[in-house]
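What follows is a short report on a single structure.
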Amino acid sequence: MHRGKVHPSLKYFLDSLKNYKIISREEAAKRMIKPEEVLQHNTLQDAWASYKGSVYNLTPYCKFHPGGVGSLTSYFGYDITKVTQGIHAFVNVEMFLSAVIVGTLDGEPLVPK
Ligand code: HEM
């Protein structure tokens with residue numbers, strides 16, 4: 001990712017969200033979600049993940065991930081803060097996912113065993 005440029009995968013992803021109901025960060029701040037509830041959303045059709053205290057719907061993003069869907073599946077329902085910092089700390093994950101925010105994580109983040 002280069003400063004001042006939008007990654008092509010982000011552009012295609014945002015263009016795909018025409019029929020998606022985007023909620024604001026303010027709205028998301030009011031929706032508290034327990035880590036156990038995040039964990040219920042662990043399929044490709046319904047995939048949530050937490051990142052730095054917020055909960056996101058990964059489903060619309062999956063097919064645009066440059067690292068493929070396969071690298072994401074084992075994290076469905078879990079926290080992706082540490083793993084994404086390890087793999088691509090240079091990627092601004094919040095910028096990519098802000099359109100698909102769901103709520104605020106209310107508890108300790110869960111990571112896959
Ligand atoms: C859901 C939040 C995530 C976002 C927004 C995201 C975004 C991105 C972006 C933009 C790239 C391309 C980087 C570049 O310009 O070179 C990338 C690559 C990659 N991502 Fe992610 N990623 C996410 C989660 C993850 C997770 C959870 C994993 C693995 C557990 C992962 C694994 C990878 C890998 C392996 C690549 C490298 C692909 C390659 O070039 O071979 N990502 N991701």
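We label chains A, B, ... in the order they appear in the structure tokens, count residues from 1 in each chain, and number ligands from 1 in the order shown.
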Interface rows for chain A against ligand 1: nearest pair, Å to one decimal, 8 Å, only C-alpha atoms and all ligand atoms, as CSV:
```
residue,atom,partner,partner_atom_place_in_ligand_line,distance
A:Met1,CA,ligand 1,15 (O),4.8
A:His7,CA,ligand 1,10 (C),6.6
A:Ser9,CA,ligand 1,10 (C),6.7
A:Leu10,CA,ligand 1,10 (C),7.2
A:Ala49,CA,ligand 1,1 (C),7.6
A:Leu58,CA,ligand 1,1 (C),6.2
A:Tyr61,CA,ligand 1,1 (C),7.2
A:Cys62,CA,ligand 1,1 (C),7.5
A:His65,CA,ligand 1,8 (C),5.6
A:Pro66,CA,ligand 1,17 (C),4.7
A:Gly67,CA,ligand 1,38 (C),3.5
A:Gly68,CA,ligand 1,38 (C),7.1
A:Ser71,CA,ligand 1,29 (C),4.5
A:Leu72,CA,ligand 1,27 (C),4.8
A:Ser74,CA,ligand 1,30 (C),7.5
A:Tyr75,CA,ligand 1,27 (C),6.1
A:Ile80,CA,ligand 1,27 (C),5.4
A:Val83,CA,ligand 1,30 (C),5.8
A:Thr84,CA,ligand 1,26 (C),5.3
A:Ile87,CA,ligand 1,32 (C),6.0
A:His88,CA,ligand 1,20 (N),6.5
A:Phe90,CA,ligand 1,13 (C),7.9
A:Val91,CA,ligand 1,10 (C),5.6
A:Asn92,CA,ligand 1,5 (C),6.9
A:Val93,CA,ligand 1,5 (C),4.3
A:Glu94,CA,ligand 1,5 (C),7.2
A:Met95,CA,ligand 1,5 (C),7.6
A:Phe96,CA,ligand 1,5 (C),4.9
A:Leu97,CA,ligand 1,5 (C),6.1
```
* Out of stretch 37-87 of chain A, which residues get alpha helix (DSSP H) from DSSP, as a ChimeraX atom specification? -> /A:37-40,59-62,70-73,81-87
Any chance you could export the current selection's N, CA and C atoms as a PDB file, in the first residue's frame?
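Written output follows (out-v9.pdb):
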```pdb
ATOM      1  N   GLU A  37     -20.583 -13.961  21.005  1.00  0.00           N
ATOM      2  CA  GLU A  37     -21.526 -13.707  19.906  1.00  0.00           C
ATOM      3  C   GLU A  37     -20.776 -13.625  18.570  1.00  0.00           C
ATOM      4  N   VAL A  38     -19.594 -13.020  18.593  1.00  0.00           N
ATOM      5  CA  VAL A  38     -18.769 -12.956  17.374  1.00  0.00           C
ATOM      6  C   VAL A  38     -18.516 -14.378  16.863  1.00  0.00           C
ATOM      7  N   LEU A  39     -18.203 -15.260  17.809  1.00  0.00           N
ATOM      8  CA  LEU A  39     -17.872 -16.651  17.484  1.00  0.00           C
ATOM      9  C   LEU A  39     -19.007 -17.400  16.775  1.00  0.00           C
ATOM     10  N   GLN A  40     -20.258 -16.952  16.986  1.00  0.00           N
ATOM     11  CA  GLN A  40     -21.386 -17.604  16.313  1.00  0.00           C
ATOM     12  C   GLN A  40     -21.355 -17.351  14.801  1.00  0.00           C
ATOM     13  N   THR A  59     -17.797 -11.083   5.637  1.00  0.00           N
ATOM     14  CA  THR A  59     -18.356 -11.778   4.472  1.00  0.00           C
ATOM     15  C   THR A  59     -18.231 -10.979   3.166  1.00  0.00           C
ATOM     16  N   PRO A  60     -18.649  -9.700   3.131  1.00  0.00           N
ATOM     17  CA  PRO A  60     -18.571  -8.992   1.851  1.00  0.00           C
ATOM     18  C   PRO A  60     -17.126  -8.749   1.397  1.00  0.00           C
ATOM     19  N   TYR A  61     -16.186  -8.762   2.363  1.00  0.00           N
ATOM     20  CA  TYR A  61     -14.788  -8.457   2.030  1.00  0.00           C
ATOM     21  C   TYR A  61     -14.023  -9.666   1.501  1.00  0.00           C
ATOM     22  N   CYS A  62     -14.420 -10.862   1.950  1.00  0.00           N
ATOM     23  CA  CYS A  62     -13.603 -12.060   1.710  1.00  0.00           C
ATOM     24  C   CYS A  62     -13.113 -12.213   0.272  1.00  0.00           C
ATOM     25  N   GLY A  70      -8.967 -18.285   1.631  1.00  0.00           N
ATOM     26  CA  GLY A  70      -8.431 -19.386   2.433  1.00  0.00           C
ATOM     27  C   GLY A  70      -7.654 -18.931   3.656  1.00  0.00           C
ATOM     28  N   SER A  71      -6.955 -17.797   3.523  1.00  0.00           N
ATOM     29  CA  SER A  71      -6.161 -17.335   4.667  1.00  0.00           C
ATOM     30  C   SER A  71      -7.048 -16.737   5.757  1.00  0.00           C
ATOM     31  N   LEU A  72      -8.315 -16.463   5.430  1.00  0.00           N
ATOM     32  CA  LEU A  72      -9.205 -15.829   6.404  1.00  0.00           C
ATOM     33  C   LEU A  72     -10.076 -16.822   7.172  1.00  0.00           C
ATOM     34  N   THR A  73     -10.410 -17.945   6.543  1.00  0.00           N
ATOM     35  CA  THR A  73     -11.472 -18.810   7.078  1.00  0.00           C
ATOM     36  C   THR A  73     -11.243 -19.258   8.529  1.00  0.00           C
ATOM     37  N   THR A  81      -6.603  -8.985  15.242  1.00  0.00           N
ATOM     38  CA  THR A  81      -5.662  -7.885  15.482  1.00  0.00           C
ATOM     39  C   THR A  81      -4.212  -8.368  15.383  1.00  0.00           C
ATOM     40  N   LYS A  82      -3.883  -9.395  16.153  1.00  0.00           N
ATOM     41  CA  LYS A  82      -2.484  -9.837  16.210  1.00  0.00           C
ATOM     42  C   LYS A  82      -2.031 -10.477  14.907  1.00  0.00           C
ATOM     43  N   VAL A  83      -2.901 -11.319  14.332  1.00  0.00           N
ATOM     44  CA  VAL A  83      -2.474 -12.033  13.122  1.00  0.00           C
ATOM     45  C   VAL A  83      -2.247 -11.058  11.963  1.00  0.00           C
ATOM     46  N   THR A  84      -3.076 -10.049  11.836  1.00  0.00           N
ATOM     47  CA  THR A  84      -2.886  -9.121  10.716  1.00  0.00           C
ATOM     48  C   THR A  84      -1.661  -8.231  10.959  1.00  0.00           C
ATOM     49  N   GLN A  85      -1.386  -7.914  12.236  1.00  0.00           N
ATOM     50  CA  GLN A  85      -0.171  -7.140  12.513  1.00  0.00           C
ATOM     51  C   GLN A  85       1.064  -7.956  12.177  1.00  0.00           C
ATOM     52  N   GLY A  86       0.974  -9.280  12.408  1.00  0.00           N
ATOM     53  CA  GLY A  86       2.105 -10.157  12.098  1.00  0.00           C
ATOM     54  C   GLY A  86       2.311 -10.308  10.606  1.00  0.00           C
ATOM     55  N   ILE A  87       1.214 -10.468   9.844  1.00  0.00           N
ATOM     56  CA  ILE A  87       1.328 -10.760   8.409  1.00  0.00           C
ATOM     57  C   ILE A  87       1.512  -9.495   7.582  1.00  0.00           C
TER      58      ILE A  87
END
```
* Asked: Out of A:Leu17, A:Val102, A:Val111, A:Asp79, which residue has the shortest atom-to-atom distance to A:Lys52 when counting only C-alpha atoms?
  -> A:Asp79
* Report the residues of stretch 33-112 of chain A whose backbone DSSP state falls under strand (DSSP E or B), written as number ranges by chain. => A: 33, 42-43, 46-51, 54-57, 79, 101-105
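Among the candidate residues A:Pro35, A:Val69, A:Ala47, A:Phe76, the one lying nearest to A:Thr104 is A:Pro35, with distances computed using only C-alpha atoms.
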* To do: Using only C-alpha atoms, pick whichever of A:Tyr20, A:Lys5, A:Pro112, A:Asp106 has the shortest atom-to-atom distance to A:Met32.
  =>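 Looking only at the distances to A:Met32, the closest residue turns out to be A:Asp106.
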* Contacts of stretch 25-28 of chain A at 10 Å or less, counting only C-alpha atoms, minus same-chain residues fewer than 6 places along, as number ranges by chain? -> A: 54-56, 98-105
Keeping N, CA and C atoms for every residue in the selection just given, could you write it to a file as a CSV table (one decimal), in the first residue's frame?
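The result, stored in part_19.csv:
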```csv
chain,number,residue,atom,x,y,z
A,54,SER,N,-13.3,-3.4,17.8
A,54,SER,CA,-14.5,-3.3,17.0
A,54,SER,C,-14.8,-4.7,16.3
A,55,VAL,N,-16.1,-4.9,16.0
A,55,VAL,CA,-16.5,-6.1,15.3
A,55,VAL,C,-16.9,-5.8,13.9
A,56,TYR,N,-16.5,-6.6,13.0
A,56,TYR,CA,-16.7,-6.4,11.5
A,56,TYR,C,-17.3,-7.6,10.9
A,98,SER,N,-14.0,-0.4,7.5
A,98,SER,CA,-14.9,0.5,8.2
A,98,SER,C,-16.3,0.5,7.6
A,99,ALA,N,-16.4,0.1,6.4
A,99,ALA,CA,-17.8,0.0,5.7
A,99,ALA,C,-18.6,-1.1,6.3
A,100,VAL,N,-17.9,-2.1,6.8
A,100,VAL,CA,-18.6,-3.3,7.3
A,100,VAL,C,-18.6,-3.5,8.8
A,101,ILE,N,-18.4,-2.4,9.5
A,101,ILE,CA,-18.4,-2.4,11.0
A,101,ILE,C,-19.8,-2.9,11.5
A,102,VAL,N,-19.8,-3.6,12.5
A,102,VAL,CA,-21.1,-4.1,13.1
A,102,VAL,C,-21.3,-3.6,14.5
A,103,GLY,N,-20.2,-3.5,15.3
A,103,GLY,CA,-20.4,-3.1,16.7
A,103,GLY,C,-19.1,-3.0,17.4
A,104,THR,N,-19.2,-3.0,18.7
A,104,THR,CA,-18.1,-2.8,19.6
A,104,THR,C,-17.9,-4.1,20.4
A,105,LEU,N,-16.6,-4.6,20.5
A,105,LEU,CA,-16.4,-5.8,21.2
A,105,LEU,C,-16.4,-5.6,22.7
```
